[in-house]
>>> print(open('coords_23.pdb').read())   # PDB, C-alpha atoms
ATOM      1  CA  MET T   1     -34.901  71.463 -45.404
ATOM      2  CA  THR T   2     -32.145  71.434 -42.795
ATOM      3  CA  ALA T   3     -30.299  74.734 -42.440
ATOM      4  CA  LYS T   4     -26.564  74.607 -43.022
ATOM      5  CA  PRO T   5     -24.520  75.247 -39.866
ATOM      6  CA  SER T   6     -22.977  78.693 -39.662
ATOM      7  CA  LEU T   7     -19.193  78.870 -39.896
ATOM      8  CA  ASP T   8     -16.900  81.274 -38.080
ATOM      9  CA  PRO T   9     -16.269  84.058 -40.633
ATOM     10  CA  ARG T  10     -12.909  84.786 -39.011
ATOM     11  CA  ARG T  11     -11.493  81.546 -40.440
ATOM     12  CA  ASN T  12     -13.893  80.764 -43.255
ATOM     13  CA  ALA T  13     -14.010  82.859 -46.412
ATOM     14  CA  VAL T  14     -17.727  83.320 -46.852
ATOM     15  CA  ARG T  15     -19.944  86.257 -47.831
ATOM     16  CA  ASP T  16     -23.471  86.282 -49.199
ATOM     17  CA  THR T  17     -22.162  86.821 -52.703
ATOM     18  CA  LEU T  18     -18.932  84.818 -52.622
ATOM     19  CA  ALA T  19     -17.198  82.004 -50.750
ATOM     20  CA  ALA T  20     -14.131  79.816 -50.980
ATOM     21  CA  ALA T  21     -14.601  76.766 -53.201
ATOM     22  CA  GLU T  22     -13.672  74.475 -50.299
ATOM     23  CA  LEU T  23     -16.876  75.576 -48.552
ATOM     24  CA  LYS T  24     -19.220  74.558 -51.363
ATOM     25  CA  GLY T  25     -21.991  72.431 -49.934
ATOM     26  CA  ARG T  26     -21.379  73.783 -46.438
ATOM     27  CA  VAL T  27     -22.551  77.368 -46.948
ATOM     28  CA  ASP T  28     -24.872  79.257 -49.257
ATOM     29  CA  ALA T  29     -23.263  81.807 -51.578
ATOM     30  CA  ALA T  30     -23.958  83.160 -55.053
ATOM     31  CA  ALA T  31     -20.536  82.006 -56.296
ATOM     32  CA  PHE T  32     -17.559  79.949 -55.171
ATOM     33  CA  VAL T  33     -13.913  80.523 -56.162
ATOM     34  CA  ASP T  34     -10.630  78.757 -55.489
ATOM     35  CA  GLY T  35      -8.753  81.975 -54.855
ATOM     36  CA  ALA T  36      -5.384  82.983 -56.276
ATOM     37  CA  PRO T  37      -2.079  82.710 -54.384
ATOM     38  CA  ALA T  38      -0.307  85.906 -53.327
ATOM     39  CA  GLN T  39       2.253  87.048 -50.778
ATOM     40  CA  ILE T  40       2.474  89.908 -48.315
ATOM     41  CA  ALA T  41       5.053  92.382 -49.638
ATOM     42  CA  ARG T  42       5.040  94.926 -46.803
ATOM     43  CA  ALA T  43       6.531  94.668 -43.317
ATOM     44  CA  ALA T  44       3.122  94.238 -41.657
ATOM     45  CA  VAL T  45      -0.302  94.776 -43.166
ATOM     46  CA  PRO T  46      -3.479  95.340 -41.137
ATOM     47  CA  LEU T  47      -6.195  92.856 -42.063
ATOM     48  CA  ARG T  48      -9.566  94.559 -41.613
ATOM     49  CA  ARG T  49     -13.157  93.476 -41.149
ATOM     50  CA  GLU T  50     -14.359  95.702 -43.986
ATOM     51  CA  PRO T  51     -12.690  97.157 -47.097
ATOM     52  CA  ALA T  52     -12.105 100.616 -45.658
ATOM     53  CA  ALA T  53      -9.137 102.334 -44.044
ATOM     54  CA  SER T  54     -11.426 103.464 -41.223
ATOM     55  CA  ALA T  55     -12.505  99.893 -40.395
ATOM     56  CA  PRO T  56     -11.042  98.212 -37.300
ATOM     57  CA  PHE T  57      -8.374  95.672 -38.042
ATOM     58  CA  GLU T  58      -8.470  92.246 -36.516
ATOM     59  CA  THR T  59      -4.911  91.099 -37.073
ATOM     60  CA  GLU T  60      -1.792  91.829 -39.096
ATOM     61  CA  ALA T  61      -0.269  89.823 -41.917
ATOM     62  CA  LEU T  62       3.526  89.704 -41.703
ATOM     63  CA  PHE T  63       6.032  90.077 -44.508
ATOM     64  CA  GLY T  64       6.382  86.890 -46.533
ATOM     65  CA  GLU T  65       3.137  85.299 -45.382
ATOM     66  CA  THR T  66       1.149  83.739 -48.197
ATOM     67  CA  VAL T  67      -2.566  84.245 -48.752
ATOM     68  CA  ARG T  68      -5.421  83.242 -51.039
ATOM     69  CA  VAL T  69      -7.095  86.152 -52.820
ATOM     70  CA  PHE T  70     -10.792  85.570 -53.437
ATOM     71  CA  ASP T  71     -11.807  88.992 -54.680
ATOM     72  CA  THR T  72     -10.294  92.381 -55.508
ATOM     73  CA  ASP T  73     -12.425  95.508 -55.736
ATOM     74  CA  ASN T  74     -11.762  99.220 -55.475
ATOM     75  CA  GLY T  75      -8.201  98.736 -54.274
ATOM     76  CA  TRP T  76      -9.012  96.128 -51.602
ATOM     77  CA  ALA T  77      -8.330  92.393 -51.682
ATOM     78  CA  TRP T  78     -10.453  89.917 -49.740
ATOM     79  CA  VAL T  79      -8.010  87.262 -48.561
ATOM     80  CA  GLN T  80      -7.404  84.336 -46.248
ATOM     81  CA  LEU T  81      -4.021  83.878 -44.602
ATOM     82  CA  ASP T  82      -2.520  80.465 -45.275
ATOM     83  CA  GLY T  83      -0.968  80.333 -41.799
ATOM     84  CA  ASP T  84      -3.697  80.866 -39.200
ATOM     85  CA  ARG T  85      -6.533  80.959 -41.775
ATOM     86  CA  TYR T  86      -7.749  84.416 -40.766
ATOM     87  CA  VAL T  87     -10.004  86.163 -43.304
ATOM     88  CA  GLY T  88     -10.285  89.861 -44.044
ATOM     89  CA  TYR T  89      -9.416  92.768 -46.290
ATOM     90  CA  VAL T  90      -5.978  94.166 -47.110
ATOM     91  CA  PRO T  91      -4.983  96.884 -49.591
ATOM     92  CA  ALA T  92      -4.362  95.147 -52.903
ATOM     93  CA  ASN T  93      -1.088  97.025 -53.389
ATOM     94  CA  THR T  94       0.406  95.304 -50.326
ATOM     95  CA  LEU T  95       0.352  91.963 -52.153
ATOM     96  CA  THR T  96       2.553  90.460 -54.829
ATOM     97  CA  ASN T  97       1.792  87.618 -57.218
ATOM     98  CA  GLU T  98       5.515  86.843 -57.499
ATOM     99  CA  ILE T  99       5.783  84.458 -54.585
ATOM    100  CA  ALA T 100       9.264  83.979 -53.134
ATOM    101  CA  LEU T 101       9.400  80.602 -51.392
ATOM    102  CA  ALA T 102      10.421  81.193 -47.779
ATOM    103  CA  THR T 103      13.552  79.468 -46.519
ATOM    104  CA  HIS T 104      14.063  81.430 -43.287
ATOM    105  CA  ARG T 105      12.178  83.509 -40.780
ATOM    106  CA  VAL T 106      13.074  86.413 -38.522
ATOM    107  CA  LYS T 107      14.041  85.051 -35.091
ATOM    108  CA  ALA T 108      14.782  88.403 -33.412
ATOM    109  CA  THR T 109      11.902  90.473 -32.063
ATOM    110  CA  GLY T 110      12.737  92.877 -34.878
ATOM    111  CA  THR T 111      15.345  93.489 -37.556
ATOM    112  CA  PHE T 112      16.107  95.714 -40.534
ATOM    113  CA  VAL T 113      16.544  94.970 -44.205
ATOM    114  CA  TYR T 114      19.403  97.006 -45.688
ATOM    115  CA  THR T 115      20.134  98.098 -49.234
ATOM    116  CA  GLU T 116      23.642  96.615 -49.006
ATOM    117  CA  PRO T 117      25.390  94.034 -46.778
ATOM    118  CA  ASP T 118      26.556  96.862 -44.543
ATOM    119  CA  ILE T 119      24.969  98.127 -41.313
ATOM    120  CA  LYS T 120      25.762 101.693 -42.411
ATOM    121  CA  SER T 121      23.731 101.363 -45.589
ATOM    122  CA  PRO T 122      20.188 102.789 -45.508
ATOM    123  CA  PRO T 123      17.586 100.441 -44.019
ATOM    124  CA  VAL T 124      14.628  99.963 -46.327
ATOM    125  CA  GLN T 125      12.325  97.905 -44.122
ATOM    126  CA  HIS T 126      11.770  96.858 -40.534
ATOM    127  CA  LEU T 127      10.592  93.279 -40.010
ATOM    128  CA  SER T 128       9.269  91.674 -36.854
ATOM    129  CA  LEU T 129       9.496  88.205 -35.319
ATOM    130  CA  ASN T 130       8.287  85.382 -37.586
ATOM    131  CA  ALA T 131       8.353  87.399 -40.807
ATOM    132  CA  ARG T 132       9.212  84.959 -43.574
ATOM    133  CA  LEU T 133      12.281  85.374 -45.776
ATOM    134  CA  ALA T 134      13.463  83.890 -49.055
ATOM    135  CA  VAL T 135      17.247  83.746 -48.758
ATOM    136  CA  ILE T 136      19.375  83.450 -51.887
ATOM    137  CA  GLU T 137      22.842  83.375 -50.341
ATOM    138  CA  SER T 138      24.938  84.382 -47.363
ATOM    139  CA  VAL T 139      27.114  87.446 -47.843
ATOM    140  CA  ASP T 140      29.544  88.029 -44.994
ATOM    141  CA  ARG T 141      27.281  88.620 -41.954
ATOM    142  CA  PHE T 142      24.136  89.083 -44.037
ATOM    143  CA  GLN T 143      21.535  87.099 -45.941
ATOM    144  CA  ARG T 144      20.682  88.329 -49.428
ATOM    145  CA  LEU T 145      16.931  88.158 -49.981
ATOM    146  CA  ALA T 146      15.124  87.181 -53.176
ATOM    147  CA  THR T 147      12.767  90.101 -52.560
ATOM    148  CA  GLY T 148      15.673  92.549 -52.432
ATOM    149  CA  GLY T 149      17.969  93.786 -49.699
ATOM    150  CA  PHE T 150      20.043  92.173 -46.994
ATOM    151  CA  ALA T 151      19.062  90.925 -43.530
ATOM    152  CA  VAL T 152      21.459  90.399 -40.625
ATOM    153  CA  SER T 153      22.319  86.701 -40.425
ATOM    154  CA  ARG T 154      22.168  86.656 -36.624
ATOM    155  CA  HIS T 155      18.531  87.698 -36.818
ATOM    156  CA  CYS T 156      17.519  84.948 -39.251
ATOM    157  CA  ALA T 157      16.868  81.250 -38.784
ATOM    158  CA  GLU T 158      16.012  78.449 -41.173
ATOM    159  CA  LEU T 159      12.344  77.497 -41.076
ATOM    160  CA  THR T 160      13.217  74.173 -39.476
ATOM    161  CA  TRP T 161      14.948  75.861 -36.513
ATOM    162  CA  CYS T 162      12.791  76.521 -33.449
ATOM    163  CA  GLU T 163      13.100  78.195 -30.079
ATOM    164  CA  ARG T 164      12.744  75.856 -27.103
ATOM    165  CA  ASP T 165      10.810  77.969 -24.590
ATOM    166  CA  PHE T 166       7.872  80.065 -25.736
ATOM    167  CA  VAL T 167       7.713  81.920 -22.425
ATOM    168  CA  ASP T 168      11.273  83.100 -22.962
ATOM    169  CA  VAL T 169      10.214  84.409 -26.374
ATOM    170  CA  ALA T 170       7.168  86.161 -24.900
ATOM    171  CA  GLU T 171       9.310  87.827 -22.231
ATOM    172  CA  ARG T 172      11.342  89.532 -24.957
ATOM    173  CA  PHE T 173       8.242  91.604 -25.722
ATOM    174  CA  LEU T 174       8.095  93.175 -22.247
ATOM    175  CA  GLY T 175       7.394  96.886 -22.642
ATOM    176  CA  THR T 176       5.909  96.512 -26.135
ATOM    177  CA  PRO T 177       2.878  98.806 -26.592
ATOM    178  CA  TYR T 178      -0.560  97.223 -26.579
ATOM    179  CA  LEU T 179      -2.275  97.404 -29.960
ATOM    180  CA  TRP T 180      -5.583  95.736 -30.719
ATOM    181  CA  GLY T 181      -4.970  93.445 -33.684
ATOM    182  CA  GLY T 182      -1.205  94.060 -33.671
ATOM    183  CA  ARG T 183       1.282  91.245 -34.285
ATOM    184  CA  THR T 184       4.681  92.974 -34.183
ATOM    185  CA  ARG T 185       7.091  94.460 -31.662
ATOM    186  CA  ILE T 186       5.710  97.867 -32.660
ATOM    187  CA  GLY T 187       2.464  96.803 -30.990
ATOM    188  CA  LEU T 188       0.506  93.643 -30.241
ATOM    189  CA  ASP T 189      -2.443  92.326 -28.281
ATOM    190  CA  CYS T 190      -2.815  89.535 -25.737
ATOM    191  CA  SER T 191      -3.512  86.667 -28.106
ATOM    192  CA  ALA T 192      -0.848  87.788 -30.582
ATOM    193  CA  LEU T 193       1.738  87.556 -27.790
ATOM    194  CA  VAL T 194       0.746  83.921 -27.313
ATOM    195  CA  GLN T 195       0.542  83.127 -31.027
ATOM    196  CA  LEU T 196       3.851  84.713 -32.018
ATOM    197  CA  SER T 197       5.728  83.110 -29.118
ATOM    198  CA  LEU T 198       4.392  79.660 -29.896
ATOM    199  CA  MET T 199       5.073  80.093 -33.616
ATOM    200  CA  ALA T 200       8.722  80.847 -32.815
ATOM    201  CA  CYS T 201       8.829  77.411 -31.163
ATOM    202  CA  GLY T 202       7.291  75.684 -34.167
ATOM    203  CA  ILE T 203       3.875  75.371 -32.528
ATOM    204  CA  GLY T 204       0.927  76.455 -34.637
ATOM    205  CA  ALA T 205      -1.589  78.556 -32.745
ATOM    206  CA  PRO T 206      -4.881  80.184 -33.731
ATOM    207  CA  ARG T 207      -5.147  83.959 -33.647
ATOM    208  CA  ASP T 208      -7.800  84.855 -31.073
ATOM    209  CA  SER T 209      -8.020  84.068 -27.374
ATOM    210  CA  ASP T 210     -11.293  82.114 -27.615
ATOM    211  CA  MET T 211      -9.740  79.901 -30.301
ATOM    212  CA  GLN T 212      -6.618  79.403 -28.192
ATOM    213  CA  ARG T 213      -8.734  78.503 -25.172
ATOM    214  CA  ASP T 214     -10.549  75.816 -27.160
ATOM    215  CA  GLU T 215      -7.634  74.444 -29.181
ATOM    216  CA  LEU T 216      -4.327  74.730 -27.300
ATOM    217  CA  GLY T 217      -2.953  72.302 -24.732
ATOM    218  CA  SER T 218      -5.026  70.473 -22.163
ATOM    219  CA  ALA T 219      -7.394  71.787 -19.525
ATOM    220  CA  VAL T 220      -6.188  72.430 -15.968
ATOM    221  CA  ASP T 221      -8.510  72.907 -13.000
ATOM    222  CA  ILE T 222      -8.802  76.510 -11.871
ATOM    223  CA  PRO T 223      -7.436  76.689  -8.296
ATOM    224  CA  ALA T 224      -9.237  79.077  -5.968
ATOM    225  CA  ASP T 225      -5.959  80.119  -4.348
ATOM    226  CA  PHE T 226      -3.892  80.235  -7.585
ATOM    227  CA  GLU T 227      -1.628  77.486  -6.227
ATOM    228  CA  GLY T 228      -0.054  74.838  -8.449
ATOM    229  CA  LEU T 229       0.237  76.908 -11.614
ATOM    230  CA  GLN T 230       3.286  76.344 -13.806
ATOM    231  CA  ARG T 231       5.472  78.294 -16.173
ATOM    232  CA  GLY T 232       3.796  78.315 -19.560
ATOM    233  CA  ASP T 233       0.227  77.865 -18.326
ATOM    234  CA  LEU T 234      -2.216  79.941 -20.352
ATOM    235  CA  LEU T 235      -4.898  81.712 -18.306
ATOM    236  CA  PHE T 236      -8.088  82.876 -19.963
ATOM    237  CA  TRP T 237     -10.665  85.487 -19.096
ATOM    238  CA  PRO T 238     -13.530  86.482 -21.418
ATOM    239  CA  GLY T 239     -11.667  88.122 -24.301
ATOM    240  CA  HIS T 240      -8.230  87.954 -22.676
ATOM    241  CA  VAL T 241      -5.278  85.599 -22.247
ATOM    242  CA  GLY T 242      -2.068  85.712 -20.247
ATOM    243  CA  ILE T 243       0.988  83.494 -19.798
ATOM    244  CA  MET T 244       2.346  82.351 -16.447
ATOM    245  CA  SER T 245       6.107  82.996 -16.347
ATOM    246  CA  ASP T 246       6.289  81.038 -13.075
ATOM    247  CA  GLY T 247       3.840  80.042 -10.331
ATOM    248  CA  VAL T 248       3.070  83.675  -9.440
ATOM    249  CA  MET T 249       3.789  86.133 -12.250
ATOM    250  CA  LEU T 250       1.454  86.720 -15.192
ATOM    251  CA  LEU T 251       2.886  87.972 -18.487
ATOM    252  CA  HIS T 252       0.344  89.618 -20.753
ATOM    253  CA  ALA T 253      -0.361  92.423 -23.200
ATOM    254  CA  ASN T 254      -3.217  94.383 -21.719
ATOM    255  CA  ALA T 255      -5.241  97.547 -22.203
ATOM    256  CA  HIS T 256      -4.836  98.653 -18.567
ATOM    257  CA  HIS T 257      -1.093  99.253 -18.804
ATOM    258  CA  MET T 258      -1.267  99.545 -22.630
ATOM    259  CA  LEU T 259       1.904  97.456 -22.594
ATOM    260  CA  VAL T 260       3.199  93.916 -22.286
ATOM    261  CA  VAL T 261       3.851  93.591 -18.550
ATOM    262  CA  SER T 262       4.668  91.003 -15.912
ATOM    263  CA  GLU T 263       2.708  91.325 -12.685
ATOM    264  CA  PRO T 264       1.553  89.116  -9.780
ATOM    265  CA  LEU T 265      -1.434  87.023 -10.833
ATOM    266  CA  PRO T 266      -3.570  87.845  -7.746
ATOM    267  CA  GLU T 267      -3.161  91.552  -8.479
ATOM    268  CA  ALA T 268      -3.992  91.180 -12.158
ATOM    269  CA  ALA T 269      -6.967  88.872 -11.515
ATOM    270  CA  ALA T 270      -8.463  91.253  -8.952
ATOM    271  CA  ARG T 271      -8.129  94.222 -11.292
ATOM    272  CA  ILE T 272      -9.590  92.357 -14.269
ATOM    273  CA  LYS T 273     -12.550  91.208 -12.186
ATOM    274  CA  SER T 274     -13.194  94.693 -10.805
ATOM    275  CA  SER T 275     -13.212  96.155 -14.305
ATOM    276  CA  SER T 276     -15.986  93.733 -15.345
ATOM    277  CA  GLY T 277     -13.549  91.395 -17.067
ATOM    278  CA  GLY T 278     -14.843  88.583 -14.896
ATOM    279  CA  ASP T 279     -13.061  85.624 -13.355
ATOM    280  CA  ILE T 280     -10.625  83.224 -14.960
ATOM    281  CA  ILE T 281     -12.683  80.912 -17.166
ATOM    282  CA  ALA T 282     -10.031  78.418 -18.284
ATOM    283  CA  ILE T 283      -6.427  77.327 -17.856
ATOM    284  CA  ARG T 284      -4.628  75.415 -20.585
ATOM    285  CA  ARG T 285      -1.280  73.673 -20.192
ATOM    286  CA  LEU T 286       1.061  72.900 -23.081
ATOM    287  CA  PRO T 287       3.700  70.181 -22.904
ATOM    288  CA  GLY T 288       7.322  71.147 -23.379
ATOM    289  CA  PRO T 289      10.282  72.941 -21.828
ATOM    290  CA  ALA T 290       8.306  76.011 -20.736
ATOM    291  CA  ALA T 291       6.082  73.934 -18.480
ATOM    292  CA  GLN T 292       9.021  71.987 -17.124
ATOM    293  CA  SER T 293      11.252  74.980 -16.286
TER     294      SER T 293
END
>>> encode(input="coords_23.pdb", output="structure tokens")
Amino acid sequence: MTAKPSLDPRRNAVRDTLAAAELKGRVDAAAFVDGAPAQIARAAVPLRREPAASAPFETEALFGETVRVFDTDNGWAWVQLDGDRYVGYVPANTLTNEIALATHRVKATGTFVYTEPDIKSPPVQHLSLNARLAVIESVDRFQRLATGGFAVSRHCAELTWCERDFVDVAERFLGTPYLWGGRTRIGLDCSALVQLSLMACGIGAPRDSDMQRDELGSAVDIPADFEGLQRGDLLFWPGHVGIMSDGVMLLHANAHHMLVVSEPLPEAAARIKSSSGGDIIAIRRLPGPAAQS
């Protein structure tokens, strides 16, 4: 009997006891379920490897993102994000079954939701770039949300509106603290910086750096002298990714500075290599304004 190929558990909902119905015939599991739709109801929710508050989290689900819930037990929901397909555990009380169809998203790096259409009213929530919003109507300089509260109109954009230059978006995060698994301006990691910036430009991107290396853009030869690199090129090391803001400067969230920084590529590459991060293993180039700037 031929063994079934193993699937990446980061993007495939499969456990020994349970798996997504779409995987039937591809994996072995005691039961298969379709999953129930739900929506993230908090500003940002850590998605963890295991159903425990002490477990590391791999990513964050942003407000308004939709998910499929495959199992709920002891206060934890095992879910798959509809956007980048990441799988993990979130507290069940961070989800709602009353799905508000998104019409807009947050286009600022961060914004507040207020109780009233007035900047002096108490803020009830802070939302980060790419959080999804269901707008009912415009009220003066605000958007009234189906989920309650008011968001500043200047910070919102219809889902069909996109930024033109993902590097410009990434540069807005300069100085943001580094946070493993983070996806907001409160804290993010190297691959989240890439994913969020591309999403703001309407470009879907996988969550982790190895996925981005394999799936984004086209391959570029690695020059020994770092010559010929362009704005928007993605540079990959084992477990790390950075964005070229021009032919010299590398923009990246990194655990050395514990920040999003811009620094000369030769300096960054030497430091990464000396700390056992190795050499650059791939360069990917995306078409578009960033590469042409």
>>> resolve_selection(input="coords_23.pdb", expression="the PyMOL selection byres ((chain T and resi 264) around 12)", output="PyMOL selection string")
chain T and resi 226+242-252+261-263+265-271
>>> write_last_selection(input="coords_23.pdb", atoms="C-alpha atoms", output="PDB file, in the frame of the given file")
ATOM      1  CA  PHE T 226      -3.892  80.235  -7.585  1.00  0.00           C
ATOM      2  CA  GLY T 242      -2.068  85.712 -20.247  1.00  0.00           C
ATOM      3  CA  ILE T 243       0.988  83.494 -19.798  1.00  0.00           C
ATOM      4  CA  MET T 244       2.346  82.351 -16.447  1.00  0.00           C
ATOM      5  CA  SER T 245       6.107  82.996 -16.347  1.00  0.00           C
ATOM      6  CA  ASP T 246       6.289  81.038 -13.075  1.00  0.00           C
ATOM      7  CA  GLY T 247       3.840  80.042 -10.331  1.00  0.00           C
ATOM      8  CA  VAL T 248       3.070  83.675  -9.440  1.00  0.00           C
ATOM      9  CA  MET T 249       3.789  86.133 -12.250  1.00  0.00           C
ATOM     10  CA  LEU T 250       1.454  86.720 -15.192  1.00  0.00           C
ATOM     11  CA  LEU T 251       2.886  87.972 -18.487  1.00  0.00           C
ATOM     12  CA  HIS T 252       0.344  89.618 -20.753  1.00  0.00           C
ATOM     13  CA  VAL T 261       3.851  93.591 -18.550  1.00  0.00           C
ATOM     14  CA  SER T 262       4.668  91.003 -15.912  1.00  0.00           C
ATOM     15  CA  GLU T 263       2.708  91.325 -12.685  1.00  0.00           C
ATOM     16  CA  LEU T 265      -1.434  87.023 -10.833  1.00  0.00           C
ATOM     17  CA  PRO T 266      -3.570  87.845  -7.746  1.00  0.00           C
ATOM     18  CA  GLU T 267      -3.161  91.552  -8.479  1.00  0.00           C
ATOM     19  CA  ALA T 268      -3.992  91.180 -12.158  1.00  0.00           C
ATOM     20  CA  ALA T 269      -6.967  88.872 -11.515  1.00  0.00           C
ATOM     21  CA  ALA T 270      -8.463  91.253  -8.952  1.00  0.00           C
ATOM     22  CA  ARG T 271      -8.129  94.222 -11.292  1.00  0.00           C
TER      23      ARG T 271
END
>>> residues_near_point(input="coords_23.pdb", point="(8.4, 79.9, -20.0)", cutoff="6 Å", atoms="all atoms listed in the file", output="MDAnalysis selection string")
chainID T and resid 165:168 231:232 245 290
>>> write_last_selection(input="coords_23.pdb", atoms="C-alpha atoms", output="compact mmCIF listing (two decimals), keeping the file's coordinate frame")
# COMPACT_ATOMS: atom_id res chain seq x y z
CA ASP T 165 10.81 77.97 -24.59
CA PHE T 166 7.87 80.06 -25.74
CA VAL T 167 7.71 81.92 -22.42
CA ASP T 168 11.27 83.10 -22.96
CA ARG T 231 5.47 78.29 -16.17
CA GLY T 232 3.80 78.32 -19.56
CA SER T 245 6.11 83.00 -16.35
CA ALA T 290 8.31 76.01 -20.74
>>> resolve_selection(input="coords_23.pdb", expression="the PyMOL selection byres ((chain T and resi 182) around 9)", output="number ranges by chain")
T: 46, 57-60, 178-181, 183-189, 192
>>> resolve_selection(input="coords_23.pdb", expression="the PyMOL selection byres ((chain T and resi 16-26) around 10)", output="PyMOL selection string")
chain T and resi 3-7+12-15+27-35+68-71+79-80
>>> residues_near_point(input="coords_23.pdb", point="(0.4, 80.3, -33.5)", cutoff="9 Å", atoms="only C-alpha atoms", output="number ranges by chain")
T: 83-84, 192, 194-200, 202-207, 212
>>> write_last_selection(input="coords_23.pdb", atoms="C-alpha atoms", output="mmCIF file, keeping the file's coordinate frame")
data_model
loop_
_atom_site.group_PDB
_atom_site.id
_atom_site.type_symbol
_atom_site.label_atom_id
_atom_site.label_comp_id
_atom_site.auth_asym_id
_atom_site.auth_seq_id
_atom_site.Cartn_x
_atom_site.Cartn_y
_atom_site.Cartn_z
ATOM 1 C CA GLY T 83 -0.968 80.333 -41.799
ATOM 2 C CA ASP T 84 -3.697 80.866 -39.200
ATOM 3 C CA ALA T 192 -0.848 87.788 -30.582
ATOM 4 C CA VAL T 194 0.746 83.921 -27.313
ATOM 5 C CA GLN T 195 0.542 83.127 -31.027
ATOM 6 C CA LEU T 196 3.851 84.713 -32.018
ATOM 7 C CA SER T 197 5.728 83.110 -29.118
ATOM 8 C CA LEU T 198 4.392 79.660 -29.896
ATOM 9 C CA MET T 199 5.073 80.093 -33.616
ATOM 10 C CA ALA T 200 8.722 80.847 -32.815
ATOM 11 C CA GLY T 202 7.291 75.684 -34.167
ATOM 12 C CA ILE T 203 3.875 75.371 -32.528
ATOM 13 C CA GLY T 204 0.927 76.455 -34.637
ATOM 14 C CA ALA T 205 -1.589 78.556 -32.745
ATOM 15 C CA PRO T 206 -4.881 80.184 -33.731
ATOM 16 C CA ARG T 207 -5.147 83.959 -33.647
ATOM 17 C CA GLN T 212 -6.618 79.403 -28.192
#
>>> closest_residue(input="coords_23.pdb", among="T:Ser138, T:Glu163, T:Gly149, T:Ile280", to="Val220 in chain T", atoms="only C-alpha atoms")
T:Ile280
>>> residues_around(input="coords_23.pdb", residues="Thr147 in chain T", least_positions_apart="3", cutoff="9 Å", atoms="only C-alpha atoms", output="number ranges by chain")
T: 41, 100, 133-135, 144
>>> residues_around(input="coords_23.pdb", residues="Asp221 in chain T", least_positions_apart="3", cutoff="9 Å", atoms="all atoms listed in the file", output="ChimeraX atom specification")
/T:282-284
>>> atom_distance(input="coords_23.pdb", atom1="CA of Ala102 in chain T", atom2="CA of Thr72 in chain T")
24.8 Å
>>> atom_distance(input="coords_23.pdb", atom1="CA of Pro91 in chain T", atom2="CA of Ala36 in chain T")
15.4 Å
>>> closest_residue(input="coords_23.pdb", among="T:Arg42, T:Ala170, T:Leu81, T:Ala146", to="Leu129 in chain T", atoms="all atoms listed in the file")
T:Ala170
>>> atom_distance(input="coords_23.pdb", atom1="CA of Ser276 in chain T", atom2="CA of Ser54 in chain T")
28.0 Å
>>> closest_residue(input="coords_23.pdb", among="T:Gly239, T:Pro37, T:Pro51, T:Gly277", to="Arg213 in chain T", atoms="only C-alpha atoms")
T:Gly239
>>> closest_residue(input="coords_23.pdb", among="T:Trp161, T:Tyr86, T:Ala53, T:Thr103", to="Asp208 in chain T", atoms="all atoms listed in the file")
T:Tyr86
>>> closest_residue(input="coords_23.pdb", among="T:Leu286, T:Ile281, T:Leu159, T:Val139", to="Gln230 in chain T", atoms="all atoms listed in the file")
T:Leu286
>>> residues_around(input="coords_23.pdb", residues="Thr115 in chain T", least_positions_apart="2", cutoff="10 Å", atoms="all atoms listed in the file", output="CSV table (one decimal) with C-alpha atoms, in the frame of the given file")
chain,number,residue,atom,x,y,z
T,112,PHE,CA,16.1,95.7,-40.5
T,113,VAL,CA,16.5,95.0,-44.2
T,117,PRO,CA,25.4,94.0,-46.8
T,118,ASP,CA,26.6,96.9,-44.5
T,119,ILE,CA,25.0,98.1,-41.3
T,120,LYS,CA,25.8,101.7,-42.4
T,121,SER,CA,23.7,101.4,-45.6
T,122,PRO,CA,20.2,102.8,-45.5
T,123,PRO,CA,17.6,100.4,-44.0
T,124,VAL,CA,14.6,100.0,-46.3
T,125,GLN,CA,12.3,97.9,-44.1
T,144,ARG,CA,20.7,88.3,-49.4
T,148,GLY,CA,15.7,92.5,-52.4
T,149,GLY,CA,18.0,93.8,-49.7
T,150,PHE,CA,20.0,92.2,-47.0
T,151,ALA,CA,19.1,90.9,-43.5
>>> closest_residue(input="coords_23.pdb", among="T:Pro9, T:Gly64, T:Gly228, T:Pro177", to="Ala255 in chain T", atoms="only C-alpha atoms")
T:Pro177
>>> residues_around(input="coords_23.pdb", residues="Ser128 in chain T", least_positions_apart="2", cutoff="8 Å", atoms="only C-alpha atoms", output="PDB file with C-alpha atoms, in the coordinates of the input")
ATOM      1  CA  ALA T  43       6.531  94.668 -43.317  1.00  0.00           C
ATOM      2  CA  LEU T  62       3.526  89.704 -41.703  1.00  0.00           C
ATOM      3  CA  VAL T 106      13.074  86.413 -38.522  1.00  0.00           C
ATOM      4  CA  ALA T 108      14.782  88.403 -33.412  1.00  0.00           C
ATOM      5  CA  THR T 109      11.902  90.473 -32.063  1.00  0.00           C
ATOM      6  CA  GLY T 110      12.737  92.877 -34.878  1.00  0.00           C
ATOM      7  CA  THR T 111      15.345  93.489 -37.556  1.00  0.00           C
ATOM      8  CA  HIS T 126      11.770  96.858 -40.534  1.00  0.00           C
ATOM      9  CA  ASN T 130       8.287  85.382 -37.586  1.00  0.00           C
ATOM     10  CA  ALA T 131       8.353  87.399 -40.807  1.00  0.00           C
ATOM     11  CA  THR T 184       4.681  92.974 -34.183  1.00  0.00           C
ATOM     12  CA  ARG T 185       7.091  94.460 -31.662  1.00  0.00           C
TER      13      ARG T 185
END
